[in-house]
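Worksheet: the structure to be examined is printed underneath.
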Amino acid sequence: MKKRLLTLVLLSCVAFSLMAGGSQEKATDDAAPNKEVVVGMENIMFQLDPTQTSNLNASMVFENMFDALFHMNEETLDIEPWVCTDYTVSDDGLTWTMNLREDVKFWDGETLNAEDVKYTLDRMRDPKMGFTGNTNYLNSMMNVDYVTVEDTFTVSVTTEVPVPALPYLLEECYLVPQHHYQGKTSEQVATLPPMASGPFKYVDFKKDSMIVMEANNDYWAGAPDIQKLTWRVVPEASTRVAELQSGGIDLIQSVPAAKYEAVKGFPNASLKTVMSGCRQVLWPNHNDPRFSDARVRKAMNYGIDWDLVNEAFYKGTVPRMVINVNPPWLNEDLDPYPYDPEKAQELMKEAGWSLNSDGIYEKDGVVMQFDAMTYYEATSERVEILTAILGMLKEIGFDGKADPTERTVAIAKMDAHDFGPMLYMASCSSFEGEGDIHDLYGSSVTNYGEYNNPKFDAILDELGQTFDPAKRAVLLDEAQEIAYEDAAQVWLFNLPFAYGVASRLNYEPMNSGRIHMYFATVED
């Protein structure tokens, strides 16, 4: 088994806060007042409660304002202590005791302490708050039993079962001040100015339009170089590109492949691309009789000519995905499903389906026609790719239609596991194998397609309580083999993230897909 084992880097935050060397070194001198940066996004968050977020863009915007106990290293993608300086784990693997930095202050000057950490984790799990989306997922993975304040700057988290991946999960839990949020409902918090301890302070927010931040020059890890940071919603890719060219925007996300060469030619900007950990899939509803048979799901995987899609949209630079697990945890004995329409037709015949007079599969009066719901804009490149894939599948007898649905409606349907027969979505990686594949666990809140295999679940049960990295790697390989053979999803591709970056902005994109501006610098 060829696999590099990922290990946690247990660095002290004392050393980390020195920011010695490399891209993470921070300037502490007063920055020039014209160091302003504008970021053009497809979308941003829809409200101001950092615990109620369900998409990558919202999370990354909040990440620029809020701290967490742990932090993902920009270069290595390892999880490192951040507000937490160090920790110990009890012999039974249930209690994590964490020491906190003593110099972290919220924007109002109050010191972040263990009471705030306890309040943050208790608030996440409070059923009265009604949190959904990513918070639901984190709660289901962390299995927190209770949180104890040991002293002012020491907190312990006790889980119901051992959770070896806890630091990866806590990295996504934004620390909120008890004195600011206590007594407020999530609905109230959604409309109120946030309070945090992160590198950029909140200034203004207009839903579906923009959010404005300013530098927290008293930030414990050093002041950001950028003094004013504006995130603008610019849904149309062509408009984002045009504003980058004109200088109205300094950083744009999701440059379509068709615009790569144009952006490369801009005298005032450059194109920067990175293969992300976000995975694009078609997810059949396993409770739908059309897709309950693994042979049907396999046929769909075999029915996609990815090379053709890849060349048309990405000039051949994006390979077909194997399964919804990223390196270094990907089972390297597995290969992507190849394009094999004959094999697809053979499997459909074995499953009892035959082509009707319209060339569409039919079985016992049920016709293989379906809508594929997605939360992407109808004009987006991702929906264009979906349409192309559905066109290929129609050639072999699957009659699918793209169903772009308003994002909040789509997310609600996903949370209720009521999206219809097919879902087209992306899931972004925590870069920890268990987190990757947990979407397929039977009782997971993010198992939207309701894949169910007791043998697979038993392996994940064992994985979830195994600390040894070598044993975790073996279990992950076994789980992937089962899901792959079941064709639990129709696996498509890892999203390439392409950014247009103004020449005045020193910014390197991350594989995580996050836009974290703290380490960026700007020249005038």
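If you're wondering about the labels, chains in the structure tokens are A, B, ... by order shown, residues count from 1 in each chain, ligands from 1 in order shown.
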
Which residues of range 102-135 of chain A have any atom within 8 Å of an atom in range 176-183 of chain A when counting only C-alpha atoms, and what is the closest pair of atoms for each, with the distance in Å to one decimal? Order the rows by chain and rising number and write it as a Markdown table.
| residue | atom | partner | partner_atom | distance |
| --- | --- | --- | --- | --- |
| A:Phe106 | CA | A:Pro177 | CA | 7.4 |
| A:Leu112 | CA | A:Pro177 | CA | 7.0 |
| A:Glu115 | CA | A:Gln178 | CA | 7.3 |
| A:Asp116 | CA | A:Gln178 | CA | 5.3 |
| A:Val117 | CA | A:Val176 | CA | 7.6 |
| A:Tyr119 | CA | A:Gln178 | CA | 6.0 |
| A:Thr120 | CA | A:Val176 | CA | 5.8 |

Expected answer as an mmCIF file with N, CA, C and O atoms, in the first residue's frame: helix (DSSP H, G or I) residues in range 139-299 of chain A:
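Writing done, so here's out-v1.cif:
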data_model
loop_
_atom_site.group_PDB
_atom_site.id
_atom_site.type_symbol
_atom_site.label_atom_id
_atom_site.label_comp_id
_atom_site.auth_asym_id
_atom_site.auth_seq_id
_atom_site.Cartn_x
_atom_site.Cartn_y
_atom_site.Cartn_z
ATOM 1 N N ASN A 139 -21.113 18.681 14.739
ATOM 2 C CA ASN A 139 -21.645 18.073 15.959
ATOM 3 C C ASN A 139 -21.698 16.557 15.849
ATOM 4 O O ASN A 139 -21.346 15.835 16.801
ATOM 5 N N SER A 140 -22.128 16.065 14.690
ATOM 6 C CA SER A 140 -22.255 14.619 14.516
ATOM 7 C C SER A 140 -20.902 13.928 14.513
ATOM 8 O O SER A 140 -20.788 12.768 14.911
ATOM 9 N N MET A 141 -19.861 14.646 14.069
ATOM 10 C CA MET A 141 -18.520 14.067 14.028
ATOM 11 C C MET A 141 -17.795 14.193 15.370
ATOM 12 O O MET A 141 -17.056 13.290 15.777
ATOM 13 N N MET A 142 -17.988 15.309 16.076
ATOM 14 C CA MET A 142 -17.238 15.534 17.314
ATOM 15 C C MET A 142 -17.769 14.720 18.486
ATOM 16 O O MET A 142 -17.013 14.362 19.395
ATOM 17 N N LEU A 166 -10.447 15.040 16.230
ATOM 18 C CA LEU A 166 -11.050 16.219 16.865
ATOM 19 C C LEU A 166 -10.362 17.535 16.486
ATOM 20 O O LEU A 166 -11.050 18.522 16.216
ATOM 21 N N PRO A 167 -9.020 17.622 16.435
ATOM 22 C CA PRO A 167 -8.417 18.913 16.055
ATOM 23 C C PRO A 167 -8.846 19.396 14.672
ATOM 24 O O PRO A 167 -9.011 20.597 14.452
ATOM 25 N N TYR A 168 -9.029 18.467 13.719
ATOM 26 C CA TYR A 168 -9.479 18.851 12.381
ATOM 27 C C TYR A 168 -10.880 19.459 12.430
ATOM 28 O O TYR A 168 -11.214 20.352 11.654
ATOM 29 N N LEU A 169 -11.700 18.954 13.343
ATOM 30 C CA LEU A 169 -13.066 19.444 13.457
ATOM 31 C C LEU A 169 -13.117 20.771 14.216
ATOM 32 O O LEU A 169 -13.842 21.697 13.837
ATOM 33 N N LEU A 170 -12.324 20.881 15.270
ATOM 34 C CA LEU A 170 -12.293 22.126 16.031
ATOM 35 C C LEU A 170 -11.739 23.279 15.209
ATOM 36 O O LEU A 170 -12.038 24.441 15.486
ATOM 37 N N GLN A 178 -18.764 34.891 24.856
ATOM 38 C CA GLN A 178 -19.990 34.656 25.605
ATOM 39 C C GLN A 178 -20.686 35.963 25.951
ATOM 40 O O GLN A 178 -21.912 36.077 25.850
ATOM 41 N N HIS A 179 -19.902 36.980 26.320
ATOM 42 C CA HIS A 179 -20.509 38.230 26.782
ATOM 43 C C HIS A 179 -21.261 38.955 25.662
ATOM 44 O O HIS A 179 -22.120 39.794 25.942
ATOM 45 N N HIS A 180 -20.972 38.632 24.426
ATOM 46 C CA HIS A 180 -21.629 39.317 23.303
ATOM 47 C C HIS A 180 -22.817 38.523 22.754
ATOM 48 O O HIS A 180 -23.798 39.123 22.310
ATOM 49 N N TYR A 181 -22.734 37.182 22.799
ATOM 50 C CA TYR A 181 -23.744 36.351 22.138
ATOM 51 C C TYR A 181 -24.760 35.723 23.094
ATOM 52 O O TYR A 181 -25.840 35.315 22.665
ATOM 53 N N SER A 186 -30.274 32.640 17.284
ATOM 54 C CA SER A 186 -29.518 32.662 16.037
ATOM 55 C C SER A 186 -30.109 33.678 15.067
ATOM 56 O O SER A 186 -29.378 34.335 14.322
ATOM 57 N N GLU A 187 -31.426 33.836 15.099
ATOM 58 C CA GLU A 187 -32.075 34.818 14.225
ATOM 59 C C GLU A 187 -31.625 36.234 14.579
ATOM 60 O O GLU A 187 -31.413 37.068 13.699
ATOM 61 N N GLN A 188 -31.474 36.507 15.861
ATOM 62 C CA GLN A 188 -31.007 37.824 16.279
ATOM 63 C C GLN A 188 -29.547 38.036 15.880
ATOM 64 O O GLN A 188 -29.176 39.090 15.356
ATOM 65 N N VAL A 189 -28.724 37.021 16.135
ATOM 66 C CA VAL A 189 -27.305 37.130 15.812
ATOM 67 C C VAL A 189 -27.109 37.322 14.308
ATOM 68 O O VAL A 189 -26.188 38.022 13.873
ATOM 69 N N ALA A 237 -19.175 35.439 -13.981
ATOM 70 C CA ALA A 237 -17.732 35.297 -14.134
ATOM 71 C C ALA A 237 -17.150 36.350 -15.077
ATOM 72 O O ALA A 237 -16.076 36.910 -14.819
ATOM 73 N N SER A 238 -17.854 36.641 -16.146
ATOM 74 C CA SER A 238 -17.345 37.618 -17.111
ATOM 75 C C SER A 238 -17.226 39.000 -16.484
ATOM 76 O O SER A 238 -16.298 39.762 -16.792
ATOM 77 N N THR A 239 -18.151 39.337 -15.579
ATOM 78 C CA THR A 239 -18.089 40.631 -14.898
ATOM 79 C C THR A 239 -16.916 40.676 -13.932
ATOM 80 O O THR A 239 -16.215 41.700 -13.823
ATOM 81 N N ARG A 240 -16.684 39.572 -13.217
ATOM 82 C CA ARG A 240 -15.534 39.518 -12.313
ATOM 83 C C ARG A 240 -14.235 39.731 -13.089
ATOM 84 O O ARG A 240 -13.349 40.477 -12.667
ATOM 85 N N VAL A 241 -14.119 39.045 -14.220
ATOM 86 C CA VAL A 241 -12.915 39.159 -15.037
ATOM 87 C C VAL A 241 -12.734 40.594 -15.540
ATOM 88 O O VAL A 241 -11.628 41.150 -15.508
ATOM 89 N N ALA A 242 -13.815 41.210 -15.982
ATOM 90 C CA ALA A 242 -13.743 42.581 -16.490
ATOM 91 C C ALA A 242 -13.316 43.549 -15.391
ATOM 92 O O ALA A 242 -12.535 44.479 -15.628
ATOM 93 N N GLU A 243 -13.810 43.352 -14.169
ATOM 94 C CA GLU A 243 -13.447 44.244 -13.070
ATOM 95 C C GLU A 243 -12.009 44.026 -12.621
ATOM 96 O O GLU A 243 -11.342 44.958 -12.167
ATOM 97 N N LEU A 244 -11.524 42.798 -12.741
ATOM 98 C CA LEU A 244 -10.113 42.560 -12.459
ATOM 99 C C LEU A 244 -9.249 43.328 -13.451
ATOM 100 O O LEU A 244 -8.268 43.982 -13.083
ATOM 101 N N GLN A 245 -9.634 43.267 -14.718
ATOM 102 C CA GLN A 245 -8.872 43.947 -15.770
ATOM 103 C C GLN A 245 -8.880 45.468 -15.570
ATOM 104 O O GLN A 245 -7.869 46.148 -15.783
ATOM 105 N N SER A 246 -10.007 45.995 -15.135
ATOM 106 C CA SER A 246 -10.120 47.450 -14.975
ATOM 107 C C SER A 246 -9.499 47.956 -13.683
ATOM 108 O O SER A 246 -9.328 49.159 -13.503
ATOM 109 N N ALA A 257 -12.341 28.366 -17.301
ATOM 110 C CA ALA A 257 -11.210 27.955 -18.139
ATOM 111 C C ALA A 257 -11.173 28.735 -19.453
ATOM 112 O O ALA A 257 -10.091 29.015 -19.984
ATOM 113 N N ALA A 258 -12.342 29.087 -19.961
ATOM 114 C CA ALA A 258 -12.393 29.830 -21.226
ATOM 115 C C ALA A 258 -11.757 31.213 -21.116
ATOM 116 O O ALA A 258 -11.411 31.824 -22.128
ATOM 117 N N LYS A 259 -11.580 31.694 -19.874
ATOM 118 C CA LYS A 259 -11.005 33.026 -19.670
ATOM 119 C C LYS A 259 -9.544 32.959 -19.205
ATOM 120 O O LYS A 259 -8.940 34.002 -18.929
ATOM 121 N N TYR A 260 -8.981 31.753 -19.086
ATOM 122 C CA TYR A 260 -7.621 31.616 -18.574
ATOM 123 C C TYR A 260 -6.636 32.464 -19.376
ATOM 124 O O TYR A 260 -5.842 33.225 -18.821
ATOM 125 N N GLU A 261 -6.650 32.289 -20.689
ATOM 126 C CA GLU A 261 -5.660 32.967 -21.529
ATOM 127 C C GLU A 261 -5.834 34.485 -21.474
ATOM 128 O O GLU A 261 -4.855 35.226 -21.492
ATOM 129 N N ALA A 262 -7.087 34.924 -21.397
ATOM 130 C CA ALA A 262 -7.339 36.362 -21.325
ATOM 131 C C ALA A 262 -6.727 36.948 -20.055
ATOM 132 O O ALA A 262 -6.037 37.978 -20.089
ATOM 133 N N VAL A 263 -6.972 36.274 -18.913
ATOM 134 C CA VAL A 263 -6.441 36.777 -17.648
ATOM 135 C C VAL A 263 -4.914 36.746 -17.649
ATOM 136 O O VAL A 263 -4.256 37.655 -17.135
ATOM 137 N N LYS A 264 -4.344 35.694 -18.227
ATOM 138 C CA LYS A 264 -2.879 35.611 -18.307
ATOM 139 C C LYS A 264 -2.296 36.795 -19.070
ATOM 140 O O LYS A 264 -1.150 37.194 -18.834
ATOM 141 N N ALA A 294 -27.007 -1.105 -7.200
ATOM 142 C CA ALA A 294 -25.634 -0.645 -7.436
ATOM 143 C C ALA A 294 -25.253 -0.746 -8.910
ATOM 144 O O ALA A 294 -24.426 0.033 -9.400
ATOM 145 N N ARG A 295 -25.873 -1.695 -9.647
ATOM 146 C CA ARG A 295 -25.530 -1.839 -11.061
ATOM 147 C C ARG A 295 -25.955 -0.608 -11.866
ATOM 148 O O ARG A 295 -25.275 -0.217 -12.819
ATOM 149 N N VAL A 296 -27.044 0.013 -11.462
ATOM 150 C CA VAL A 296 -27.492 1.239 -12.137
ATOM 151 C C VAL A 296 -26.511 2.374 -11.855
ATOM 152 O O VAL A 296 -26.125 3.128 -12.753
ATOM 153 N N ARG A 297 -26.098 2.481 -10.612
ATOM 154 C CA ARG A 297 -25.157 3.553 -10.246
ATOM 155 C C ARG A 297 -23.801 3.336 -10.917
ATOM 156 O O ARG A 297 -23.144 4.296 -11.344
ATOM 157 N N LYS A 298 -23.389 2.085 -11.035
ATOM 158 C CA LYS A 298 -22.148 1.792 -11.753
ATOM 159 C C LYS A 298 -22.281 2.169 -13.222
ATOM 160 O O LYS A 298 -21.346 2.726 -13.822
ATOM 161 N N ALA A 299 -23.426 1.858 -13.793
ATOM 162 C CA ALA A 299 -23.643 2.184 -15.210
ATOM 163 C C ALA A 299 -23.498 3.682 -15.447
ATOM 164 O O ALA A 299 -22.921 4.114 -16.459
#

List the neighbours of range 481-487 of chain A out to 9 Å using only C-alpha atoms; skip same-chain residues closer than 6 positions along the sequence, and give me the result as a JSON list (two decimals) with all heavy atoms, in the first residue's frame.
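As a result, result.json now contains:
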[["chain", "number", "residue", "atom", "x", "y", "z"],
["A", 293, "ASP", "N", -30.27, 0.06, -7.00],
["A", 293, "ASP", "CA", -29.43, -1.04, -7.46],
["A", 293, "ASP", "C", -28.04, -0.51, -7.80],
["A", 293, "ASP", "O", -27.90, 0.42, -8.61],
["A", 293, "ASP", "CB", -30.08, -1.68, -8.69],
["A", 293, "ASP", "CG", -29.43, -3.00, -9.09],
["A", 293, "ASP", "OD1", -28.19, -3.12, -8.98],
["A", 293, "ASP", "OD2", -30.17, -3.91, -9.53],
["A", 294, "ALA", "N", -27.01, -1.10, -7.20],
["A", 294, "ALA", "CA", -25.63, -0.65, -7.44],
["A", 294, "ALA", "C", -25.25, -0.75, -8.91],
["A", 294, "ALA", "O", -24.43, 0.03, -9.40],
["A", 294, "ALA", "CB", -24.65, -1.46, -6.59],
["A", 295, "ARG", "N", -25.87, -1.70, -9.65],
["A", 295, "ARG", "CA", -25.53, -1.84, -11.06],
["A", 295, "ARG", "C", -25.95, -0.61, -11.87],
["A", 295, "ARG", "O", -25.27, -0.22, -12.82],
["A", 295, "ARG", "CB", -26.19, -3.11, -11.63],
["A", 295, "ARG", "CG", -25.59, -4.39, -11.07],
["A", 295, "ARG", "CD", -26.39, -5.61, -11.45],
["A", 295, "ARG", "NE", -27.70, -5.61, -10.81],
["A", 295, "ARG", "CZ", -28.54, -6.67, -10.83],
["A", 295, "ARG", "NH1", -28.18, -7.77, -11.48],
["A", 295, "ARG", "NH2", -29.70, -6.60, -10.22],
["A", 296, "VAL", "N", -27.04, 0.01, -11.46],
["A", 296, "VAL", "CA", -27.49, 1.24, -12.14],
["A", 296, "VAL", "C", -26.51, 2.37, -11.85],
["A", 296, "VAL", "O", -26.12, 3.13, -12.75],
["A", 296, "VAL", "CB", -28.92, 1.62, -11.68],
["A", 296, "VAL", "CG1", -29.31, 2.99, -12.24],
["A", 296, "VAL", "CG2", -29.91, 0.55, -12.10],
["A", 297, "ARG", "N", -26.10, 2.48, -10.61],
["A", 297, "ARG", "CA", -25.16, 3.55, -10.25],
["A", 297, "ARG", "C", -23.80, 3.34, -10.92],
["A", 297, "ARG", "O", -23.14, 4.30, -11.34],
["A", 297, "ARG", "CB", -25.01, 3.62, -8.73],
["A", 297, "ARG", "CG", -26.35, 3.85, -8.00],
["A", 297, "ARG", "CD", -26.15, 4.16, -6.54],
["A", 297, "ARG", "NE", -25.51, 3.08, -5.79],
["A", 297, "ARG", "CZ", -26.15, 2.11, -5.16],
["A", 297, "ARG", "NH1", -27.49, 2.05, -5.19],
["A", 297, "ARG", "NH2", -25.49, 1.19, -4.48],
["A", 298, "LYS", "N", -23.39, 2.08, -11.04],
["A", 298, "LYS", "CA", -22.15, 1.79, -11.75],
["A", 298, "LYS", "C", -22.28, 2.17, -13.22],
["A", 298, "LYS", "O", -21.35, 2.73, -13.82],
["A", 298, "LYS", "CB", -21.80, 0.31, -11.64],
["A", 298, "LYS", "CG", -21.21, -0.12, -10.31],
["A", 298, "LYS", "CD", -20.83, -1.60, -10.37],
["A", 298, "LYS", "CE", -20.21, -2.07, -9.08],
["A", 298, "LYS", "NZ", -19.84, -3.49, -9.14],
["A", 301, "ASN", "N", -21.63, 5.74, -13.70],
["A", 301, "ASN", "CA", -20.20, 6.03, -13.61],
["A", 301, "ASN", "C", -19.48, 5.66, -14.91],
["A", 301, "ASN", "O", -18.61, 6.40, -15.38],
["A", 301, "ASN", "CB", -19.57, 5.29, -12.43],
["A", 301, "ASN", "CG", -19.67, 6.05, -11.12],
["A", 301, "ASN", "OD1", -18.95, 7.01, -10.88],
["A", 301, "ASN", "ND2", -20.58, 5.62, -10.27],
["A", 322, "VAL", "N", -11.46, 9.50, -8.38],
["A", 322, "VAL", "CA", -11.61, 8.07, -8.07],
["A", 322, "VAL", "C", -12.79, 7.87, -7.14],
["A", 322, "VAL", "O", -13.70, 7.08, -7.41],
["A", 322, "VAL", "CB", -10.32, 7.51, -7.43],
["A", 322, "VAL", "CG1", -10.51, 6.03, -7.11],
["A", 322, "VAL", "CG2", -9.13, 7.72, -8.33],
["A", 323, "ILE", "N", -12.77, 8.55, -6.01],
["A", 323, "ILE", "CA", -13.78, 8.42, -4.97],
["A", 323, "ILE", "C", -13.67, 9.68, -4.11],
["A", 323, "ILE", "O", -12.74, 10.46, -4.28],
["A", 323, "ILE", "CB", -13.56, 7.12, -4.14],
["A", 323, "ILE", "CG1", -14.79, 6.77, -3.29],
["A", 323, "ILE", "CG2", -12.28, 7.21, -3.32],
["A", 323, "ILE", "CD1", -14.70, 5.38, -2.65],
["A", 331, "ASN", "N", -7.18, 5.60, -1.51],
["A", 331, "ASN", "CA", -6.76, 4.22, -1.77],
["A", 331, "ASN", "C", -6.16, 4.15, -3.17],
["A", 331, "ASN", "O", -6.87, 4.24, -4.16],
["A", 331, "ASN", "CB", -7.97, 3.28, -1.66],
["A", 331, "ASN", "CG", -7.59, 1.82, -1.80],
["A", 331, "ASN", "OD1", -6.60, 1.47, -2.45],
["A", 331, "ASN", "ND2", -8.37, 0.94, -1.20],
["A", 333, "ASP", "N", -4.97, 1.77, -4.78],
["A", 333, "ASP", "CA", -5.25, 0.56, -5.55],
["A", 333, "ASP", "C", -6.51, 0.71, -6.41],
["A", 333, "ASP", "O", -6.82, -0.18, -7.22],
["A", 333, "ASP", "CB", -5.41, -0.65, -4.62],
["A", 333, "ASP", "CG", -4.10, -1.01, -3.92],
["A", 333, "ASP", "OD1", -3.03, -0.79, -4.52],
["A", 333, "ASP", "OD2", -4.16, -1.49, -2.77],
["A", 334, "LEU", "N", -7.23, 1.80, -6.22],
["A", 334, "LEU", "CA", -8.44, 2.04, -6.99],
["A", 334, "LEU", "C", -8.14, 3.01, -8.13],
["A", 334, "LEU", "O", -7.33, 3.91, -8.00],
["A", 334, "LEU", "CB", -9.54, 2.63, -6.10],
["A", 334, "LEU", "CG", -9.98, 1.79, -4.89],
["A", 334, "LEU", "CD1", -11.02, 2.55, -4.08],
["A", 334, "LEU", "CD2", -10.53, 0.44, -5.34],
["A", 440, "LEU", "N", -20.65, 9.39, 3.61],
["A", 440, "LEU", "CA", -21.34, 8.17, 3.18],
["A", 440, "LEU", "C", -21.74, 7.28, 4.36],
["A", 440, "LEU", "O", -22.33, 6.22, 4.15],
["A", 440, "LEU", "CB", -20.43, 7.37, 2.22],
["A", 440, "LEU", "CG", -20.03, 8.09, 0.94],
["A", 440, "LEU", "CD1", -19.09, 7.23, 0.11],
["A", 440, "LEU", "CD2", -21.27, 8.46, 0.12],
["A", 451, "TYR", "N", -26.90, 6.59, 1.42],
["A", 451, "TYR", "CA", -26.18, 5.35, 1.16],
["A", 451, "TYR", "C", -26.18, 4.52, 2.45],
["A", 451, "TYR", "O", -25.98, 5.06, 3.53],
["A", 451, "TYR", "CB", -24.75, 5.67, 0.73],
["A", 451, "TYR", "CG", -23.82, 4.48, 0.68],
["A", 451, "TYR", "CD1", -24.05, 3.41, -0.18],
["A", 451, "TYR", "CD2", -22.68, 4.43, 1.49],
["A", 451, "TYR", "CE1", -23.19, 2.33, -0.24],
["A", 451, "TYR", "CE2", -21.81, 3.35, 1.43],
["A", 451, "TYR", "CZ", -22.07, 2.30, 0.57],
["A", 451, "TYR", "OH", -21.21, 1.23, 0.52],
["A", 453, "ASN", "N", -24.75, 0.76, 3.93],
["A", 453, "ASN", "CA", -24.09, -0.53, 3.87],
["A", 453, "ASN", "C", -23.54, -0.83, 5.27],
["A", 453, "ASN", "O", -22.59, -0.17, 5.72],
["A", 453, "ASN", "CB", -22.95, -0.52, 2.84],
["A", 453, "ASN", "CG", -22.30, -1.89, 2.66],
["A", 453, "ASN", "OD1", -22.04, -2.59, 3.64],
["A", 453, "ASN", "ND2", -22.03, -2.25, 1.42],
["A", 455, "LYS", "N", -21.65, -3.05, 6.53],
["A", 455, "LYS", "CA", -20.24, -3.39, 6.59],
["A", 455, "LYS", "C", -19.39, -2.13, 6.51],
["A", 455, "LYS", "O", -18.41, -1.96, 7.25],
["A", 455, "LYS", "CB", -19.87, -4.35, 5.46],
["A", 455, "LYS", "CG", -18.44, -4.86, 5.53],
["A", 455, "LYS", "CD", -18.15, -5.87, 4.42],
["A", 455, "LYS", "CE", -16.70, -6.36, 4.49],
["A", 455, "LYS", "NZ", -16.39, -7.32, 3.40],
["A", 456, "PHE", "N", -19.77, -1.22, 5.64],
["A", 456, "PHE", "CA", -19.08, 0.06, 5.52],
["A", 456, "PHE", "C", -19.19, 0.84, 6.84],
["A", 456, "PHE", "O", -18.20, 1.37, 7.35],
["A", 456, "PHE", "CB", -19.70, 0.87, 4.37],
["A", 456, "PHE", "CG", -19.17, 2.27, 4.22],
["A", 456, "PHE", "CD1", -18.07, 2.52, 3.41],
["A", 456, "PHE", "CD2", -19.78, 3.34, 4.86],
["A", 456, "PHE", "CE1", -17.58, 3.81, 3.26],
["A", 456, "PHE", "CE2", -19.30, 4.63, 4.71],
["A", 456, "PHE", "CZ", -18.20, 4.87, 3.91]]

Q) Can you tell me how far CA of Met373 in chain A sits from CA of Phe205 in chain A, in Å to one decimal? A)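 Computing the Euclidean distance for CA of Met373 in chain A and CA of Phe205 in chain A yields 29.5 Å.
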
Q: Write down as a PyMOL selection string the residues of range 235-445 of chain A whose backbone DSSP state falls under strand (DSSP E or B).
A: chain A and resi 251-252+269-284+320+354-355+361-363+366-367+369-374+399-404+422-428

Q. In Å to one decimal, how far is CA of Cys173 in chain A from CA of Ile459 in chain A?
A.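 Separating CA of Ile459 in chain A from CA of Cys173 in chain A is a distance of 26.5 Å.
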
Q: Considering only C-alpha atoms, state which residue in the set A:Met425, A:Lys128, A:Glu523, A:His438 is at the smallest distance from Cys278 in chain A.
A: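 With only C-alpha atoms as the atom set, the closest residue is A:Met425.
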